[in-house]
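Visitor: Let me give you the structure first, and then I'll get to my questions.
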Amino acid sequence: MTHDLGTVLEHMDRLAEIDTEGVEPMTQVLYEAGETATLRPDVERAPLGNEAALANAPVSGGGYYKVPKVIER
Amino acid sequence: MSAGRTITSIREGLLKKQFSAVEIAREALAVAERENPKTNAYLMLSPERALAAAARVDAKIAAGEDPGRLAGTPVAVKDVILTKGLRTTCASKMLEKFIPPYDATAIERLEAAGGVIIGKTNCDEFAMGSSNENSYFGPVRNPVALDRVPGGSSGGSAAVVAQETAVVSLGSDTGGSIRQPASFCGVVGVTPTYGRVSRYGLVAFASSLDHIGPFGRNVRDAATLLEAIAGRDPLDSTSADAPVPDYTAGLTGDARGMKIGVPVEYMKHANGETAELVGIGIERLRGLGCEVREISLPATDYAVAAYYVICTAEASSNLARYDGVRYSHRSADARTLSDMYTKSRGEGFGAEVKRRIMLGTYVLSHGYYDAYYLKAQKVRALITRDFTNAFADVDAIVAPVSPFPAFKIGEKMADPMEMYLSDIYTITGSLAGIPCMSVPCGKTKDGLPVGMQILCNHFEEQKMFRLADAFERAG
C-alpha cells in the first residue's frame, strides 16, 4: 500500500511542471446559466420519517441510533 | 430475451399487440437468470418490481393511454443508483445490506416513461476502478471474451447490454466509467453534460465529476434513454435548468459539413491496433462528408494527475459518511466509539477505496493543499480552456476511448498507477464537464471491440448523437 501511494503521489507531483500563473481554480463545472439557476422554490416536502431513517441502522432502539458508550463515568 | 430487441421495436410490438410488456419482462428475466453465471454482471434481479412495472405499461396500453417512450423496455441499473426497497450495495461490503428508502430521480423518470427495471448491475466498489475487478462480489467477465475485463467502473451495465440480458442500462461516469466499458464491450455508452441528469439518489463519489448516463446497443436507444432521464430536478441543485431537446429527431444519418477535430496529443499513447481502428473510423467520418482537421489540447499530459487529485479529494470527503451508525457496515467487535469508526471502515472498504480515501486526505491536508488540490483545480481550468478554444473551430472532437482494448482479468491489478494512466482519454472530458460518448468502431484481430470517442461542447448532445448515429449507420 505504501509503495502504491508513493507511486501515485510521484505522478501527482508532475502538476508542479505546468504554469498556472493567473489561472483561476475551477471548483465547479461552469456554463452559461442565470444567477438564480441553482435555486428552487421553497416547497414543503414530507421528511423520510423516523422508521424509514432508522431501517438501515446496524443498531437502533427507541427511535434513535445506538452507538458504543461515548462518555465514560 | 430475443436477440436484437430495441426500445423502438419493443414499443412498436406493444402498440401492435404482438406481445405484452409482462411477456417481455418475463422473457428478459429468464434470459438474464440463465446467462448471468457466465459474466457475473448482475448482482441481483428484481422480478417483482419488473413485473409490476410491466403490468402498469400493459394497463396503460389497454386503456388507450401513451405507455411512454421506454414502454416495456427491460433496463438494468448500476448498483450505485438508489432503488427504493431494492438492495443497493455499490459493490461494497460497506453497503451489503443497504435497502434504500427512496428512488433516485433517474429511476423515477425511467419508470414514469414505461421502463422496466430488471436488475442491479455489478461495478467497481463505489465506482472506483477501470476494470470491474474491485467489486466485493467478484469481477465481471467481458461477454465478448470471458477471460477479459469488461472495463469499469460500470462494467456490469456495459456487459448486460452486450450480452443482451438487458436492452439498455444506466451507469455512472466520474472519469470514464461509462465510455471505457462501452468501448471494451462493443456497445454505445454516453456521459452527458455535467448537470444534464439529476444525481439525486446517485451514491456520491466525486461530486464535481459524477454523472449518470445510458448504455445501449445503438445510438438511438442510448439517446432515447437519456431523453427520458434528463432535465432539471429541484432535488439536485447542480442539475441544469436547460431544456431537453428531442435527441432522436436529429438522427438523420446526415453529418455532411460537420467539422471534426482530432487531438494530436491523444493519438500518441494509443496502441497500434486501437490507433489504426480509430484512424479507419476517422476516414469513415470523412466519407460522410465531415471536414477533419488536427487540433491540439496541450494540457492533456497533466490530466491524469489533476483528475486523481480532485477525485480522491472529493471521495475522501464524500465517503466520510460511512460511519457504521446510520446505514453502513458496523464491525461486530466495536467496543468504543473510535473502534466503531476505525474497525467498521477498515472491514467495510476494499483496498482501492482505502487507497483513494488516503490519497484524498493527504492532498487536502494542511501544507499540501496548495501544491495538490488548488493546483489541480487550476490545471482543470486549463484543460477546460483547451476544449473551449477547440470548440470555437470544430463541432466535435474524435479520439480513442482507451489506449488499448479489454485486457485479461488480473493483468493490471498489481500496479494502480498503470490502471489510472489508462483513463487518460476519458478524464479530460470529465474534468471539463462536456458531453462525450463511446461508439463502436471495429474489432481487433483477436475480435476485441474498440470504441471511438466523440466529445462535444456543453449541452450539445444533439449534435453528438447526430454524428454518432451517422457514423454507426455507415459502419
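Ligands are numbered from 1 in the order shown, residues from 1 within each chain, and chains are lettered A, B, ... in the order they appear in the C-alpha cells.
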List as a tab-separated table every residue of chain A that is in contact with chain B, defined as an atom at most 9 Å from one of its atoms (using only C-alpha atoms), together with the nearest atom pair and the distance in Å rounded to one decimal, sorted by chain and then rising number.
Guide:
```
residue	atom	partner	partner_atom	distance
A:Met1	CA	B:Arg355	CA	7.4
A:Asp4	CA	B:Pro416	CA	6.7
A:Leu5	CA	B:Leu359	CA	7.0
A:Thr7	CA	B:Met417	CA	6.8
A:Val8	CA	B:Met417	CA	5.9
A:Leu9	CA	B:Leu359	CA	7.9
A:His11	CA	B:Ala305	CA	6.3
A:Met12	CA	B:Ala305	CA	4.6
A:Asp13	CA	B:Ala305	CA	7.8
A:Arg14	CA	B:Ala305	CA	7.1
A:Leu15	CA	B:Tyr302	CA	6.4
A:Ala16	CA	B:Ala371	CA	7.4
A:Glu17	CA	B:Tyr302	CA	8.9
A:Ile18	CA	B:Tyr302	CA	7.8
A:Asp19	CA	B:Val379	CA	8.7
A:Thr20	CA	B:Lys378	CA	6.3
A:Val23	CA	B:Lys378	CA	5.9
A:Glu24	CA	B:Lys378	CA	6.0
A:Pro25	CA	B:Lys378	CA	4.1
A:Met26	CA	B:Gln377	CA	5.0
A:Thr27	CA	B:Gln377	CA	6.4
A:Gln28	CA	B:Ser208	CA	5.9
A:Val29	CA	B:Gly433	CA	5.9
A:Leu30	CA	B:Gly433	CA	8.2
A:Tyr31	CA	B:His458	CA	7.2
A:Ala33	CA	B:Asp241	CA	7.9
A:Ala37	CA	B:Asp241	CA	6.5
A:Thr38	CA	B:Ser237	CA	5.0
A:Leu39	CA	B:Ser237	CA	6.9
A:Arg40	CA	B:Pro234	CA	5.8
A:Pro41	CA	B:Pro234	CA	8.1
A:Leu48	CA	B:Pro101	CA	7.7
A:Ala52	CA	B:Pro101	CA	6.2
A:Ala53	CA	B:Pro101	CA	7.6
A:Leu54	CA	B:Arg326	CA	7.0
A:Ala55	CA	B:Tyr327	CA	8.0
A:Asn56	CA	B:Tyr327	CA	4.6
A:Ala57	CA	B:Arg326	CA	4.6
A:Pro58	CA	B:Arg330	CA	6.3
A:Val59	CA	B:Val325	CA	7.5
A:Ser60	CA	B:Val325	CA	8.8
A:Tyr65	CA	B:Val325	CA	6.7
A:Lys66	CA	B:Val325	CA	7.3
A:Val67	CA	B:Val325	CA	6.8
A:Pro68	CA	B:Leu337	CA	5.3
A:Lys69	CA	B:Thr336	CA	6.5
A:Val70	CA	B:Leu337	CA	6.1
```
Visitor: Can those selected residues be exported to a file as a tab-separated table (two decimals), in the first residue's frame so that it contains N, CA and C atoms?
Guide:
```tsv
chain	number	residue	atom	x	y	z
A	1	MET	N	0.83	-1.22	0.00
A	1	MET	CA	0.00	0.00	0.00
A	1	MET	C	0.87	1.27	0.00
A	4	ASP	N	2.32	1.73	-3.38
A	4	ASP	CA	1.30	2.18	-4.32
A	4	ASP	C	1.04	3.68	-4.17
A	5	LEU	N	0.87	4.11	-2.92
A	5	LEU	CA	0.57	5.52	-2.67
A	5	LEU	C	1.74	6.39	-3.12
A	7	THR	N	3.90	5.80	-5.52
A	7	THR	CA	3.94	5.89	-6.99
A	7	THR	C	2.92	6.91	-7.50
A	8	VAL	N	1.71	6.87	-6.90
A	8	VAL	CA	0.67	7.79	-7.35
A	8	VAL	C	1.05	9.23	-7.00
A	9	LEU	N	1.54	9.44	-5.80
A	9	LEU	CA	1.93	10.80	-5.40
A	9	LEU	C	3.06	11.34	-6.28
A	11	HIS	N	3.48	10.64	-9.37
A	11	HIS	CA	2.86	11.11	-10.62
A	11	HIS	C	2.16	12.45	-10.40
A	12	MET	N	1.47	12.59	-9.25
A	12	MET	CA	0.76	13.84	-8.97
A	12	MET	C	1.73	15.03	-8.88
A	13	ASP	N	2.97	14.75	-8.49
A	13	ASP	CA	3.96	15.83	-8.39
A	13	ASP	C	4.25	16.49	-9.74
A	14	ARG	N	3.88	15.82	-10.82
A	14	ARG	CA	4.08	16.41	-12.15
A	14	ARG	C	3.29	17.70	-12.31
A	15	LEU	N	2.27	17.88	-11.49
A	15	LEU	CA	1.46	19.10	-11.58
A	15	LEU	C	2.33	20.36	-11.41
A	16	ALA	N	3.44	20.23	-10.67
A	16	ALA	CA	4.31	21.38	-10.44
A	16	ALA	C	4.94	21.89	-11.74
A	17	GLU	N	5.00	21.01	-12.77
A	17	GLU	CA	5.67	21.38	-14.03
A	17	GLU	C	4.90	22.40	-14.85
A	18	ILE	N	3.57	22.42	-14.73
A	18	ILE	CA	2.77	23.23	-15.64
A	18	ILE	C	2.52	24.62	-15.06
A	19	ASP	N	2.64	25.64	-15.91
A	19	ASP	CA	2.48	27.02	-15.48
A	19	ASP	C	1.00	27.37	-15.34
A	20	THR	N	0.59	27.76	-14.15
A	20	THR	CA	-0.82	28.13	-13.93
A	20	THR	C	-0.91	29.57	-13.40
A	23	VAL	N	-4.21	31.72	-13.42
A	23	VAL	CA	-5.37	30.89	-13.75
A	23	VAL	C	-6.25	30.75	-12.50
A	24	GLU	N	-7.54	31.00	-12.67
A	24	GLU	CA	-8.49	30.83	-11.55
A	24	GLU	C	-8.75	29.34	-11.33
A	25	PRO	N	-8.73	28.87	-10.08
A	25	PRO	CA	-9.06	27.46	-9.86
A	25	PRO	C	-10.51	27.17	-10.25
A	26	MET	N	-10.73	26.02	-10.85
A	26	MET	CA	-12.08	25.65	-11.29
A	26	MET	C	-12.66	24.71	-10.23
A	27	THR	N	-13.58	25.25	-9.45
A	27	THR	CA	-14.13	24.46	-8.36
A	27	THR	C	-15.39	23.72	-8.78
A	28	GLN	N	-15.96	24.14	-9.89
A	28	GLN	CA	-17.23	23.56	-10.32
A	28	GLN	C	-17.29	23.70	-11.84
A	29	VAL	N	-18.04	22.82	-12.48
A	29	VAL	CA	-18.21	22.93	-13.93
A	29	VAL	C	-19.03	24.18	-14.23
A	30	LEU	N	-18.53	24.99	-15.13
A	30	LEU	CA	-19.20	26.26	-15.42
A	30	LEU	C	-19.74	26.31	-16.84
A	31	TYR	N	-20.96	26.75	-16.95
A	31	TYR	CA	-21.52	27.06	-18.27
A	31	TYR	C	-22.52	28.17	-18.09
A	33	ALA	N	-25.48	30.21	-17.32
A	33	ALA	CA	-26.70	29.97	-16.55
A	33	ALA	C	-27.04	31.23	-15.77
A	37	ALA	N	-30.03	30.10	-11.05
A	37	ALA	CA	-30.27	28.78	-11.64
A	37	ALA	C	-30.23	27.64	-10.62
A	38	THR	N	-29.48	27.83	-9.54
A	38	THR	CA	-29.37	26.73	-8.58
A	38	THR	C	-30.43	26.81	-7.49
A	39	LEU	N	-31.28	27.84	-7.54
A	39	LEU	CA	-32.30	27.96	-6.51
A	39	LEU	C	-33.57	27.20	-6.90
A	40	ARG	N	-34.32	26.78	-5.90
A	40	ARG	CA	-35.60	26.12	-6.16
A	40	ARG	C	-36.67	26.78	-5.31
A	41	PRO	N	-37.92	26.63	-5.70
A	41	PRO	CA	-38.99	27.19	-4.88
A	41	PRO	C	-38.99	26.51	-3.51
A	48	LEU	N	-38.39	11.89	5.54
A	48	LEU	CA	-38.31	10.45	5.39
A	48	LEU	C	-39.12	9.72	6.47
A	52	ALA	N	-38.29	4.88	8.63
A	52	ALA	CA	-37.51	4.67	7.40
A	52	ALA	C	-36.06	5.08	7.61
A	53	ALA	N	-35.85	6.17	8.36
A	53	ALA	CA	-34.49	6.66	8.56
A	53	ALA	C	-33.66	5.68	9.38
A	54	LEU	N	-34.32	4.96	10.27
A	54	LEU	CA	-33.59	4.01	11.13
A	54	LEU	C	-33.51	2.60	10.54
A	55	ALA	N	-34.26	2.37	9.47
A	55	ALA	CA	-34.40	1.00	8.97
A	55	ALA	C	-33.07	0.34	8.62
A	56	ASN	N	-32.08	1.14	8.18
A	56	ASN	CA	-30.80	0.56	7.78
A	56	ASN	C	-29.73	0.64	8.88
A	57	ALA	N	-30.09	1.16	10.03
A	57	ALA	CA	-29.09	1.30	11.09
A	57	ALA	C	-28.67	-0.07	11.61
A	58	PRO	N	-27.36	-0.30	11.78
A	58	PRO	CA	-26.91	-1.59	12.32
A	58	PRO	C	-27.49	-1.84	13.72
A	59	VAL	N	-27.56	-0.79	14.54
A	59	VAL	CA	-28.14	-0.92	15.89
A	59	VAL	C	-29.00	0.32	16.16
A	60	SER	N	-30.25	0.10	16.54
A	60	SER	CA	-31.10	1.23	16.90
A	60	SER	C	-32.07	0.79	17.99
A	65	TYR	N	-30.50	6.09	16.85
A	65	TYR	CA	-29.35	5.26	16.50
A	65	TYR	C	-28.63	4.93	17.80
A	66	LYS	N	-28.09	3.73	17.89
A	66	LYS	CA	-27.32	3.38	19.07
A	66	LYS	C	-25.84	3.23	18.70
A	67	VAL	N	-24.97	3.79	19.55
A	67	VAL	CA	-23.53	3.67	19.34
A	67	VAL	C	-22.88	3.22	20.65
A	68	PRO	N	-21.64	2.75	20.60
A	68	PRO	CA	-20.97	2.39	21.85
A	68	PRO	C	-20.90	3.62	22.77
A	69	LYS	N	-20.79	3.37	24.05
A	69	LYS	CA	-20.80	4.44	25.05
A	69	LYS	C	-19.74	5.51	24.73
A	70	VAL	N	-20.15	6.78	24.71
A	70	VAL	CA	-19.25	7.85	24.32
A	70	VAL	C	-18.56	8.46	25.54
```
Visitor: Could you pull out the residues in segment 13-69 of chain A that DSSP calls strand (DSSP E) from the backbone, as a ChimeraX atom specification?
Guide: /A:60-61,64-65
Visitor: Take the residues just selected and output them with C-alpha atoms as a PDB file, in the first residue's frame.
Guide:
```pdb
ATOM      1  CA  SER A  60     -31.102   1.233  16.899  1.00  0.00           C
ATOM      2  CA  GLY A  61     -33.717   1.431  19.610  1.00  0.00           C
ATOM      3  CA  TYR A  64     -32.610   6.501  17.988  1.00  0.00           C
ATOM      4  CA  TYR A  65     -29.349   5.260  16.505  1.00  0.00           C
TER       5      TYR A  65
END
```
Visitor: Could you tell me which of B:Val203, B:Val401, B:Ala249, B:Val167 comes closest to Arg217 of chain B if we count only C-alpha atoms?
Guide: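 Of B:Val203, B:Val401, B:Ala249, B:Val167, the one nearest Arg217 of chain B is B:Val167, counting only C-alpha atoms.
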Visitor: Find the residues around Ser9 of chain B up to 12 Å (only C-alpha atoms counted), leave out those fewer than 2 positions away in its own chain, and share them as a PyMOL selection string.
Guide: chain B and resi 2-7+11-16+18-19+24+69-73+167+220-221
Visitor: So the first atom is atom CA of Cys436 of chain B and the second is atom CA of Leu146 of chain B; what is the distance between them in Å, to one decimal place?
Guide: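 One can read the atom CA of Cys436 of chain B to atom CA of Leu146 of chain B distance as 27.4 Å.
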Visitor: Write out as a PDB file with N, CA and C atoms, in the first residue's frame each polymer residue whose atoms come within 7 Å of segment 443-448 of chain B, counting only C-alpha atoms; drop sequence neighbours fewer than 4 positions from it.
Guide:
```
ATOM      1  N   GLU B 273      -3.140  -1.272 -32.795  1.00  0.00           N
ATOM      2  CA  GLU B 273      -4.433  -1.630 -33.383  1.00  0.00           C
ATOM      3  C   GLU B 273      -5.534  -0.642 -33.033  1.00  0.00           C
ATOM      4  N   PRO B 405      -7.523  -2.265 -26.039  1.00  0.00           N
ATOM      5  CA  PRO B 405      -8.804  -2.944 -25.842  1.00  0.00           C
ATOM      6  C   PRO B 405      -8.831  -3.698 -24.507  1.00  0.00           C
ATOM      7  N   ALA B 406      -9.923  -4.425 -24.248  1.00  0.00           N
ATOM      8  CA  ALA B 406     -10.102  -5.146 -22.977  1.00  0.00           C
ATOM      9  C   ALA B 406      -8.883  -6.015 -22.667  1.00  0.00           C
TER      10      ALA B 406
END
```
Visitor: For each of B:Ala113, B:Val197, B:Val187, B:Val262, take the minimum atom-to-atom distance to Pro440 of chain B, counting only C-alpha atoms, then give the residue where this is smallest.
Guide: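 Looking only at the distances to Pro440 of chain B, the closest residue turns out to be B:Val187.
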